[in-house]
$ cat upload-v4.cif   # mmCIF, C-alpha atoms
data_entry
#
loop_
_atom_site.label_atom_id
_atom_site.label_comp_id
_atom_site.auth_asym_id
_atom_site.auth_seq_id
_atom_site.Cartn_x
_atom_site.Cartn_y
_atom_site.Cartn_z
CA MET A 1 -9.93 3.97 -19.03
CA ALA A 2 -7.22 5.21 -16.68
CA SER A 3 -3.65 4.03 -17.13
CA LEU A 4 -2.16 1.56 -14.68
CA THR A 5 -0.08 3.59 -12.24
CA HIS A 6 2.05 0.67 -11.04
CA LEU A 7 3.60 0.09 -14.46
CA GLY A 8 6.69 1.90 -15.70
CA ALA A 9 7.32 3.06 -19.27
CA LYS A 10 8.58 -0.40 -20.26
CA GLY A 11 5.80 -2.27 -18.47
CA GLU A 12 7.84 -3.09 -15.38
CA ALA A 13 6.19 -3.07 -11.96
CA ASN A 14 7.07 -0.15 -9.71
CA MET A 15 5.87 1.58 -6.58
CA VAL A 16 4.08 4.83 -7.37
CA ASP A 17 5.79 8.01 -6.13
CA VAL A 18 3.24 9.79 -3.96
CA GLY A 19 5.69 12.35 -2.63
CA ASP A 20 4.09 15.33 -4.36
CA LYS A 21 0.49 14.40 -3.52
CA ALA A 22 -1.46 16.40 -0.97
CA GLU A 23 -2.27 14.82 2.37
CA THR A 24 -6.01 14.36 2.67
CA THR A 25 -8.31 12.25 4.78
CA ARG A 26 -9.04 9.09 2.85
CA THR A 27 -11.56 6.41 3.79
CA ALA A 28 -12.46 3.08 2.22
CA VAL A 29 -15.15 0.53 3.03
CA ALA A 30 -15.04 -3.05 1.78
CA GLU A 31 -17.31 -6.02 2.33
CA GLY A 32 -17.45 -9.77 1.98
CA SER A 33 -19.55 -12.66 3.19
CA VAL A 34 -19.22 -16.23 4.37
CA SER A 35 -22.12 -18.54 3.54
CA MET A 36 -22.56 -21.63 5.68
CA GLN A 37 -25.00 -24.23 6.92
CA PRO A 38 -27.68 -22.79 9.24
CA GLU A 39 -26.38 -25.00 12.06
CA THR A 40 -22.89 -23.55 11.65
CA LEU A 41 -24.22 -20.01 11.87
CA GLU A 42 -26.16 -20.87 15.02
CA MET A 43 -23.07 -22.50 16.55
CA ILE A 44 -21.01 -19.36 15.87
CA LEU A 45 -23.67 -17.00 17.20
CA ALA A 46 -24.09 -19.13 20.34
CA GLY A 47 -20.33 -18.98 20.95
CA ASP A 48 -20.02 -22.78 20.77
CA ALA A 49 -17.22 -23.12 18.20
CA LYS A 50 -14.43 -25.42 19.44
CA LYS A 51 -11.74 -22.85 18.59
CA GLY A 52 -13.44 -20.10 20.61
CA ASP A 53 -14.90 -16.69 19.82
CA VAL A 54 -15.23 -16.71 16.03
CA LEU A 55 -16.56 -13.17 15.65
CA GLY A 56 -14.08 -11.54 18.03
CA THR A 57 -11.13 -13.39 16.54
CA ALA A 58 -12.18 -12.53 12.97
CA ARG A 59 -12.62 -8.87 13.89
CA ILE A 60 -9.12 -8.66 15.40
CA ALA A 61 -7.62 -10.60 12.47
CA GLY A 62 -9.15 -8.13 10.01
CA ILE A 63 -7.78 -5.15 11.92
CA MET A 64 -4.32 -6.72 12.15
CA ALA A 65 -4.37 -7.56 8.44
CA ALA A 66 -5.19 -3.98 7.45
CA LYS A 67 -2.13 -2.82 9.39
CA LYS A 68 0.07 -5.31 7.49
CA THR A 69 -1.32 -4.80 3.98
CA HIS A 70 1.95 -3.32 2.69
CA GLU A 71 3.70 -6.54 3.76
CA LEU A 72 1.24 -8.69 1.79
CA ILE A 73 0.62 -6.67 -1.39
CA PRO A 74 4.02 -5.95 -2.97
CA LEU A 75 3.50 -2.40 -4.27
CA CYS A 76 1.38 -0.96 -1.45
CA HIS A 77 2.77 1.89 0.60
CA PRO A 78 3.05 1.45 4.37
CA LEU A 79 0.41 3.69 5.93
CA LEU A 80 -0.14 5.20 9.36
CA LEU A 81 -3.77 4.18 9.60
CA THR A 82 -5.89 6.38 11.85
CA LYS A 83 -8.87 4.01 12.01
CA VAL A 84 -9.68 0.41 11.15
CA ALA A 85 -13.03 -1.12 12.06
CA VAL A 86 -14.44 -4.54 11.20
CA GLU A 87 -18.12 -5.30 11.70
CA ILE A 88 -19.56 -8.80 11.38
CA GLU A 89 -23.31 -9.30 11.23
CA PRO A 90 -25.38 -12.44 10.83
CA ASP A 91 -27.40 -12.73 7.63
CA HIS A 92 -29.91 -15.54 8.00
CA SER A 93 -30.89 -15.21 4.32
CA LEU A 94 -27.44 -16.50 3.23
CA PRO A 95 -27.27 -18.14 5.79
CA GLY A 96 -23.96 -16.78 7.03
CA LEU A 97 -22.04 -13.72 8.10
CA LYS A 98 -21.56 -10.36 6.37
CA VAL A 99 -18.26 -8.59 7.00
CA THR A 100 -17.77 -4.85 6.56
CA ALA A 101 -14.34 -3.26 6.99
CA LEU A 102 -13.50 0.44 7.17
CA ALA A 103 -10.00 1.90 6.88
CA ARG A 104 -9.06 5.57 7.27
CA VAL A 105 -5.84 7.55 6.93
CA THR A 106 -4.72 11.13 6.57
CA GLY A 107 -2.07 10.70 3.94
CA LYS A 108 -0.94 10.81 0.34
CA THR A 109 -2.44 7.54 -0.89
CA GLY A 110 -5.70 5.68 -0.50
CA VAL A 111 -6.73 2.86 1.82
CA GLU A 112 -8.77 0.68 -0.51
CA MET A 113 -6.33 -2.22 -0.26
CA GLU A 114 -6.31 -2.01 3.53
CA ALA A 115 -10.11 -2.21 3.70
CA LEU A 116 -10.19 -5.08 1.18
CA THR A 117 -7.46 -6.95 3.06
CA ALA A 118 -9.29 -6.50 6.37
CA ALA A 119 -12.55 -7.85 4.93
CA SER A 120 -10.79 -10.76 3.20
CA VAL A 121 -8.81 -11.86 6.25
CA ALA A 122 -11.83 -11.55 8.54
CA CYS A 123 -13.72 -13.87 6.16
CA LEU A 124 -10.79 -16.29 6.02
CA THR A 125 -10.61 -16.31 9.81
CA ILE A 126 -14.31 -17.14 10.09
CA TYR A 127 -13.69 -20.07 7.75
CA ASP A 128 -10.66 -21.22 9.74
CA MET A 129 -12.44 -20.97 13.08
CA ALA A 130 -15.50 -22.97 11.92
CA LYS A 131 -14.10 -25.32 9.26
CA ALA A 132 -14.23 -28.33 11.59
CA ALA A 133 -18.02 -27.99 11.60
CA ASP A 134 -18.54 -26.94 7.97
CA ARG A 135 -15.87 -27.31 5.27
CA GLY A 136 -18.41 -26.28 2.63
CA MET A 137 -18.49 -22.62 3.68
CA VAL A 138 -18.14 -20.19 0.77
CA ILE A 139 -16.39 -16.83 0.92
CA SER A 140 -17.82 -14.44 -1.66
CA GLY A 141 -18.59 -10.88 -2.61
CA VAL A 142 -15.34 -9.31 -1.44
CA ARG A 143 -15.41 -5.86 -3.00
CA LEU A 144 -14.85 -2.17 -2.48
CA VAL A 145 -18.12 -0.56 -1.41
CA GLU A 146 -16.95 3.05 -1.27
CA LYS A 147 -13.97 5.32 -0.98
CA THR A 148 -13.57 9.01 -0.26
CA GLY A 149 -10.72 11.47 -0.57
CA GLY A 150 -7.76 11.80 -2.83
CA LYS A 151 -7.21 13.13 -6.33
CA SER A 152 -9.45 10.56 -8.02
CA GLY A 153 -12.44 11.62 -5.92
CA ASP A 154 -15.16 9.61 -4.31
CA TYR A 155 -16.47 6.21 -5.39
CA LYS A 156 -19.60 4.34 -4.36
CA ALA A 157 -20.40 0.87 -5.73
CA GLY A 158 -23.49 0.80 -7.88
CA SER A 159 -23.61 4.52 -8.57
#
$ encode --input "upload-v4.cif" --output "structure tokens"
Amino acid sequence: MASLTHLGAKGEANMVDVGDKAETTRTAVAEGSVSMQPETLEMILAGDAKKGDVLGTARIAGIMAAKKTHELIPLCHPLLLTKVAVEIEPDHSLPGLKVTALARVTGKTGVEMEALTAASVACLTIYDMAKAADRGMVISGVRLVEKTGGKSGDYKAGS
């Protein structure tokens, strides 16, 4: 098992020095889902939520959150993201919405936290926008799906 890079010699938290790392293109994809009543899903897809456009608002919230990850997660580096995309698709088998977030940077550290933050905040925004209709919604499955680039190499969930 790899050592924890955010811990100093005495176990104290610290920000990792990435100054000597090579700049490479790094990409991460994260996902999550929001399960809800079938009627809630239909309301969202029809654009009938009282607060407005649930999907558009959640997409923008996820993108904004990725850009602010370093302000939310104490030891994350601020990054000049080159791409953030949030996709939200209905999944009638849940029933609910599946969120996929992609973050990309050319830099010295990865973007896993940015992708995870984007997916998480998009899910939270869906909940906020539709909670008046369905307080029993469940956010689940937030996880890193894949990452590319950097010294540690590529990762793909399930492989």
$ atom_distance --input "upload-v4.cif" --atom1 "CA of Thr148 in chain A" --atom2 "CA of Ala28 in chain A"
6.5 Å
$ residues_around --input "upload-v4.cif" --residues "Ser159 in chain A" --least-positions-apart "5" --cutoff "12 Å" --atoms "all atoms listed in the file" --output "list in words"
Val145, Glu146 and Asp154 of chain A
$ closest_residue --input "upload-v4.cif" --among "A:Val34, A:Val86, A:Cys76, A:Met43" --to "Glu112 in chain A" --atoms "only C-alpha atoms"
A:Cys76
$ closest_residue --input "upload-v4.cif" --among "A:Ala119, A:Leu80, A:Ala46, A:Val111" --to "Ser140 in chain A" --atoms "only C-alpha atoms"
A:Ala119
$ resolve_selection --input "upload-v4.cif" --expression "the PyMOL selection byres ((chain A and resi 60) around 10)" --output "ChimeraX atom specification"
/A:55-59,61-65,85-86,118,121-122,125
$ resolve_selection --input "upload-v4.cif" --expression "the PyMOL selection byres ((chain A and resi 83) around 10)" --output "number ranges by chain"
A: 27, 63, 66-67, 80-82, 84-85, 102-106
$ closest_residue --input "upload-v4.cif" --among "A:Met129, A:Val142, A:Met137, A:Leu75" --to "Lys50 in chain A" --atoms "all atoms listed in the file"
A:Met129
$ atom_distance --input "upload-v4.cif" --atom1 "CA of Ala30 in chain A" --atom2 "CA of Ala115 in chain A"
5.4 Å
$ atom_distance --input "upload-v4.cif" --atom1 "CA of Glu39 in chain A" --atom2 "CA of Thr117 in chain A"
27.7 Å
$ residues_around --input "upload-v4.cif" --residues "Gly136 in chain A" --least-positions-apart "4" --cutoff "12 Å" --atoms "only C-alpha atoms" --output "mmCIF file with C-alpha atoms, in the coordinates of the input"
data_model
loop_
_atom_site.group_PDB
_atom_site.id
_atom_site.type_symbol
_atom_site.label_atom_id
_atom_site.label_comp_id
_atom_site.auth_asym_id
_atom_site.auth_seq_id
_atom_site.Cartn_x
_atom_site.Cartn_y
_atom_site.Cartn_z
ATOM 1 C CA VAL A 34 -19.220 -16.230 4.370
ATOM 2 C CA SER A 35 -22.120 -18.540 3.540
ATOM 3 C CA MET A 36 -22.560 -21.630 5.680
ATOM 4 C CA GLN A 37 -25.000 -24.230 6.920
ATOM 5 C CA PRO A 38 -27.680 -22.790 9.240
ATOM 6 C CA THR A 40 -22.890 -23.550 11.650
ATOM 7 C CA GLY A 96 -23.960 -16.780 7.030
ATOM 8 C CA TYR A 127 -13.690 -20.070 7.750
ATOM 9 C CA ASP A 128 -10.660 -21.220 9.740
ATOM 10 C CA ALA A 130 -15.500 -22.970 11.920
ATOM 11 C CA LYS A 131 -14.100 -25.320 9.260
ATOM 12 C CA ALA A 132 -14.230 -28.330 11.590
#
$ residues_near_point --input "upload-v4.cif" --point "(-10.4, -16.7, -1.2)" --cutoff "8 Å" --atoms "all atoms listed in the file" --output "MDAnalysis selection string"
chainID A and resid 120 124 139:140
$ write_last_selection --input "upload-v4.cif" --atoms "C-alpha atoms" --output "compact mmCIF listing (two decimals), in the coordinates of the input"
# COMPACT_ATOMS: atom_id res chain seq x y z
CA SER A 120 -10.79 -10.76 3.20
CA LEU A 124 -10.79 -16.29 6.02
CA ILE A 139 -16.39 -16.83 0.92
CA SER A 140 -17.82 -14.44 -1.66
$ closest_residue --input "upload-v4.cif" --among "A:Pro78, A:Gly150, A:Gly19, A:Pro90" --to "Glu42 in chain A" --atoms "only C-alpha atoms"
A:Pro90
$ closest_residue --input "upload-v4.cif" --among "A:Ala13, A:Glu31, A:Asp48, A:Arg26" --to "Ala133 in chain A" --atoms "only C-alpha atoms"
A:Asp48
$ closest_residue --input "upload-v4.cif" --among "A:Tyr155, A:Glu114, A:Ile126, A:Val29" --to "His70 in chain A" --atoms "all atoms listed in the file"
A:Glu114
$ residues_near_point --input "upload-v4.cif" --point "(-0.9, 14.4, 1.7)" --cutoff "8 Å" --atoms "all atoms listed in the file" --output "ChimeraX atom specification"
/A:20-24,106-109
